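A.B. asks: Input: one structure, supplied below.
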Amino acid sequence: MPTYHLSETELSSWVNAIMATQPVIGPVAKKSRFVFDRLEDSADLRLDYDTTILPPKKAFFPPKQDLLHFDASGVRGAIKPESKVLFGVHPYDIKAIHMLDVLFAEGHPDHAYLANREATTIIGSSVQNHYQHAFFGTASPSVPVQGHDAFLTKIPDGYTLDILSEKGRKLIEGQNFKPASAEQTAASEKVNEDAKANCPEKLTYTSEEIKAKLKASWDSPLWEEASQDCFSCGSCNTTCSTCYCFDVQDTWNIDQKSGKRYRRWDACMTTEFAEVSVQGGTENFRETKAARYRHRMMRKAAYLNDKLGGPACVGCGRCSGACTADIANPVNFIDKLMKS
Amino acid sequence: MGKAKCAWFDFTSCEGCQIEMTNFGEPFLELLEHVQPVEFREAMSEKAEEIDVAFIEGSFSREADRARLEDIRKRAKIVVAYGACATSGGINALKNHQDREDYKEFVYGKDKDMPHLDTQEAKPISAAIKVDYEIRGCPISRDDFVNVVSQLLHGTEKVYIPSYPVCVECKLRETVCQYDQGGHCLGQIARAGCGAPCPADGIPCEACRGLIDHPNLEASVKVLKEKGKLPARWAESKARMFTANLLPDAKAD
């Protein structure tokens with residue numbers, strides 16, 4: 001697939017051209033942080049963002065989403081896929097999205113997810129600034145960056161644009177971009193390699209070593225110790241780019257005749273997550289903070305590895321930053337675990 | 001589904017939750033299709049013998065109110081305590097941690113010894129009578145109220161109220177964390193269900209809906225001190241604003 005070169009001006013006129021045909025969701029500033037949001041103006045696009053509060057999966061798997069609407073006449077599906085472009089996704093988040101694609105398609109495929117995902121074109125972007133907790137250079141290195149449609153890399157004299165799929169090719173129809181030179185292509189490769197190497201935090205063990213150690217540490221006193229200050233607030237889950245659990249609730253509308261079924265992102269670190277109905281009441285199968293903390297680490301670094309070709313953690317560092325108790329950071333915990 | 005006979009009562013409170021209902025506007029009128037008010041001091045003078053659902057606002061802060069509460073309980077099939085005062089004692093319970101003579105003098109001056117001003121610790125309604133359901137918050141939120149009332153009207157046995165903390169709701173609406181802005185917050189231990197409007201408007205959560213089931217209070221004090229930069233004494237009493245009766249040093253039994 002071809003690689004093009006774009007100047008700053010060509011980039012913004014291209015974004016405007018896409019915005020004229022369909023919604024574009026990209027990183028924009030929000031106070032001291034960034035969020036993926038629908039662009040109102042191409043000038044709001046902040047490709048120099050470090051990371052966003054929530055991962056970009058929200059563009060096709062919203063934090064709260066109506067699944068069904070019902071009234072006396074029947075039940076109707078509420079999923080209405082809309083073509084859109086998710087613009088400026090960092091490589092680690094692209095990896096995470098591909099993991100979700102795999103997980104939502106297996107077993108009983110989640111059509112609500114898949115339909116919205118299918119309608120989304122993803123344009124990746126190189127990391128220009130690192131989030132203070134990023135360790136994507138050493139997280140799941142065996143998992144390729146895949147499933148996106150184009151990739152934009154900031155180089156000293158503009159951008160290179162890799163077109164990676166038919167969906168990506170369609171987006172540049174009518175544009176007159178020049179092919180990138182060998183020097184420009186080499187420069188973009190170096191930018192993306194450097195971004196990995198320059199992560200502020202690093203895992204110093206292989207995924208296999210970490211997985212083996214985790215599995216051998218089921219009864220370790222470390223779980224209790226590490227989760228001492230845990231609030232069970234779930235912020236490490238709700239900001240995670242690979243978490244995909246959700247809760248489903250039915251509610252009545254105020255007319256008491258119609259209603260809806262919706263889902264919202266759930267969090268296995270909260271106490272009610274593992275609460276189930278049993279005869280005569282409820283039972284919680286992960287009652288302690290330590291059991292929940294262990295579960296999260298196992299889910300991220302051991303349980304899903306075979307299915308995903310590597311750990312279900314891409315090193316975005318969002319959990320580390322979102323945890324007010326400062327206990328969620330995977331790099332710190334894994335270091336401690338490996339040395340125990 | 002016939003109309004449910006509903007009655008509203010208030011005890012020690014600002015009656016702000018009743019006001020909040022009138023703020024609901026149109027949707028609240030729509031609910032009247034399914035609800036028949038049979039007693040509502042603010043709006044009517046009738047008294048009802050039989051009540052399907054009694055909504056009680058305010059805290060139980062005078063022993064003299066016990067008989068009135070027991071009478072409501074006798075007449076009502078379902079009792080719903082609504083608002084922070086009714087469900088936990090609310091802001092009223094702050095006085096539980098102050099000297100009685102001192103606050104009486106401060107508030108009432110020379111009238112402080114009049115018999116009707118003689119109050120006890122502020123307690124939730126459940127300290128006097130059996131409460132079937134609770135709608136929390138200061139004030140209550142519309143969606144929460146409608147949700148609980150809908151479930152009651154449809155005969156749901158166990159009404160679902162979230163037990164996760166406010167952090168979940170802040171994240172889901174992508175609010176910049178107070179701690180990311182050099183502030184402090186009680187969102188990690190505060191019960192959600194409100195939709196986290198305060199932090200979204202830049203106001204720290206004060207836990208007006210009470211605490212989650214197993215709040216990590218030690219960690220909260222630690223984070224308030226270390227990250228929120230609050231002085232120790234303030235960090236230790238911070239969660240008391242709405243939850244004085246829910247903390248280990250509660251004065252009301």
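Ligands are numbered from 1 in the order shown, residues from 1 within each chain, and chains are lettered A, B, ... in the order they appear in the structure tokens.
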Considering only C-alpha atoms, give me a table of residues in chain A that are at most 8 Å from chain B, with the closest atom pair and distance in Å for each, as a tab-separated table.
C.D. replies:
```
residue	atom	partner	partner_atom	distance
A:Lys30	CA	B:Val176	CA	7.5
A:Lys31	CA	B:Val176	CA	7.2
A:Ser32	CA	B:Gln181	CA	7.3
A:Arg33	CA	B:Val176	CA	6.8
A:Val35	CA	B:Glu174	CA	7.5
A:Ile53	CA	B:Glu174	CA	6.3
A:Leu54	CA	B:Glu174	CA	6.5
A:Pro63	CA	B:Leu172	CA	5.5
A:Lys64	CA	B:Leu172	CA	7.6
A:Asp229	CA	B:Ala219	CA	5.1
A:Cys230	CA	B:Asn216	CA	7.2
A:Phe231	CA	B:Asn216	CA	5.6
A:Ser232	CA	B:Gln188	CA	7.8
A:Cys233	CA	B:Gln188	CA	5.6
A:Gly234	CA	B:Val168	CA	6.4
A:Ser235	CA	B:Val168	CA	6.5
A:Thr238	CA	B:Lys171	CA	6.4
A:Thr239	CA	B:Lys171	CA	7.1
A:Thr251	CA	B:Asn147	CA	7.1
A:Trp252	CA	B:Ser150	CA	6.4
A:Ile254	CA	B:Leu31	CA	6.2
A:Asp255	CA	B:Glu30	CA	6.4
A:Gln256	CA	B:Ser150	CA	6.7
A:Trp265	CA	B:Leu172	CA	7.7
A:Thr270	CA	B:Tyr164	CA	6.0
A:Thr271	CA	B:Tyr164	CA	7.1
A:Glu272	CA	B:Ser163	CA	6.6
A:Ala322	CA	B:Cys177	CA	7.9
A:Thr324	CA	B:Val223	CA	7.1
A:Ala325	CA	B:Val223	CA	6.5
```
A.B. asks: Residues of range 57-208 of chain A classed as strand (DSSP E) by DSSP on the backbone are to be reported as a short mmCIF file (atom, residue, chain, number, x, y, z; two decimals) with C-alpha atoms, in the first residue's frame.
C.D. replies:
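Wrote states_25.cif, looks like this:
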```
data_model
loop_
_atom_site.label_atom_id
_atom_site.label_comp_id
_atom_site.auth_asym_id
_atom_site.auth_seq_id
_atom_site.Cartn_x
_atom_site.Cartn_y
_atom_site.Cartn_z
CA LYS A 64 -23.41 4.16 27.92
CA GLN A 65 -25.35 2.80 24.99
CA ASP A 66 -29.02 2.02 24.37
CA LEU A 67 -29.41 -1.51 23.00
CA LEU A 68 -33.21 -1.82 22.71
CA HIS A 69 -36.26 0.38 22.93
CA PHE A 70 -39.61 -1.18 23.82
CA ASP A 71 -43.27 -0.22 24.13
CA GLY A 74 -42.88 -4.35 20.47
CA VAL A 75 -39.13 -4.21 20.76
CA ARG A 76 -36.79 -2.38 18.40
CA GLY A 77 -33.01 -2.49 18.16
CA LYS A 84 -17.46 7.95 10.88
CA VAL A 85 -13.74 8.50 10.96
CA LEU A 86 -11.74 8.03 14.12
CA PHE A 87 -8.75 10.25 13.54
CA GLY A 88 -5.39 10.35 15.31
CA VAL A 89 -5.34 7.05 17.21
CA THR A 120 -15.71 3.30 11.56
CA THR A 121 -12.59 4.14 9.57
CA ILE A 122 -9.50 4.43 11.76
CA ILE A 123 -6.60 6.73 11.01
CA GLY A 124 -3.67 6.26 13.32
CA SER A 125 -1.17 8.87 14.40
CA ALA A 150 -4.33 4.59 7.51
CA PHE A 151 -1.48 5.94 9.62
CA LEU A 152 -0.13 9.44 9.86
CA THR A 153 3.39 10.13 11.14
CA LYS A 154 4.69 13.58 12.05
CA ILE A 155 8.13 14.09 10.55
CA GLY A 158 5.20 17.56 7.49
CA TYR A 159 3.57 14.13 7.68
CA THR A 160 3.77 10.77 6.00
CA LEU A 161 0.49 8.99 5.40
CA ASP A 162 0.36 5.21 5.01
CA ILE A 163 -2.79 3.95 3.32
CA LYS A 178 2.60 13.32 -3.52
CA PRO A 179 4.25 9.97 -2.81
#
```
A.B. asks: Which residues come within 12 Å of Ala197 in chain A, counting only C-alpha atoms, excluding same-chain residues fewer than 6 positions away, as a short mmCIF file (atom, residue, chain, number, x, y, z; two decimals) with N, CA and C atoms, in the first residue's frame?
C.D. replies:
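Result saved to out_35.cif:
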```cif
data_model
loop_
_atom_site.label_atom_id
_atom_site.label_comp_id
_atom_site.auth_asym_id
_atom_site.auth_seq_id
_atom_site.Cartn_x
_atom_site.Cartn_y
_atom_site.Cartn_z
N VAL A 127 3.02 9.10 17.99
CA VAL A 127 3.00 9.75 19.32
C VAL A 127 3.99 10.92 19.30
N HIS A 130 4.69 12.07 24.98
CA HIS A 130 4.38 10.90 25.79
C HIS A 130 3.58 11.27 27.03
N ALA A 134 3.26 6.38 30.20
CA ALA A 134 3.25 5.49 29.03
C ALA A 134 4.39 4.48 29.09
N PHE A 135 4.07 3.22 28.78
CA PHE A 135 5.12 2.20 28.64
C PHE A 135 4.82 1.30 27.45
N PHE A 136 4.20 1.90 26.42
CA PHE A 136 3.78 1.08 25.28
C PHE A 136 4.95 0.49 24.50
N GLY A 137 6.14 1.05 24.69
CA GLY A 137 7.32 0.52 23.99
C GLY A 137 7.68 -0.89 24.43
N THR A 138 7.27 -1.25 25.65
CA THR A 138 7.64 -2.58 26.17
C THR A 138 6.42 -3.44 26.52
N ALA A 139 5.21 -2.92 26.23
CA ALA A 139 4.00 -3.70 26.53
C ALA A 139 3.57 -4.46 25.28
N PRO A 141 4.89 -6.46 23.11
CA PRO A 141 5.67 -6.20 21.90
C PRO A 141 5.41 -7.21 20.77
N LYS A 190 11.72 6.02 11.76
CA LYS A 190 12.55 6.36 12.92
C LYS A 190 11.70 7.03 14.02
N VAL A 191 10.79 7.92 13.60
CA VAL A 191 9.91 8.60 14.57
C VAL A 191 9.14 7.58 15.40
N LEU A 203 8.72 -1.88 31.00
CA LEU A 203 8.70 -3.22 31.60
C LEU A 203 10.06 -3.84 31.27
#
```
A.B. asks: Using only C-alpha atoms, which of A:Gly107, A:Gly317, A:Pro330, A:Gly281 sits nearest Tyr293 in chain A?
C.D. replies: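 Using only C-alpha atoms, Tyr293 in chain A sits closest to A:Pro330.
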A.B. asks: Using DSSP on the backbone, list every residue of range 133-235 of chain A that comes out as alpha helix (DSSP H), and give them as a ChimeraX atom specification.
C.D. replies: /A:166-171,182-197,207-215,222-226,235
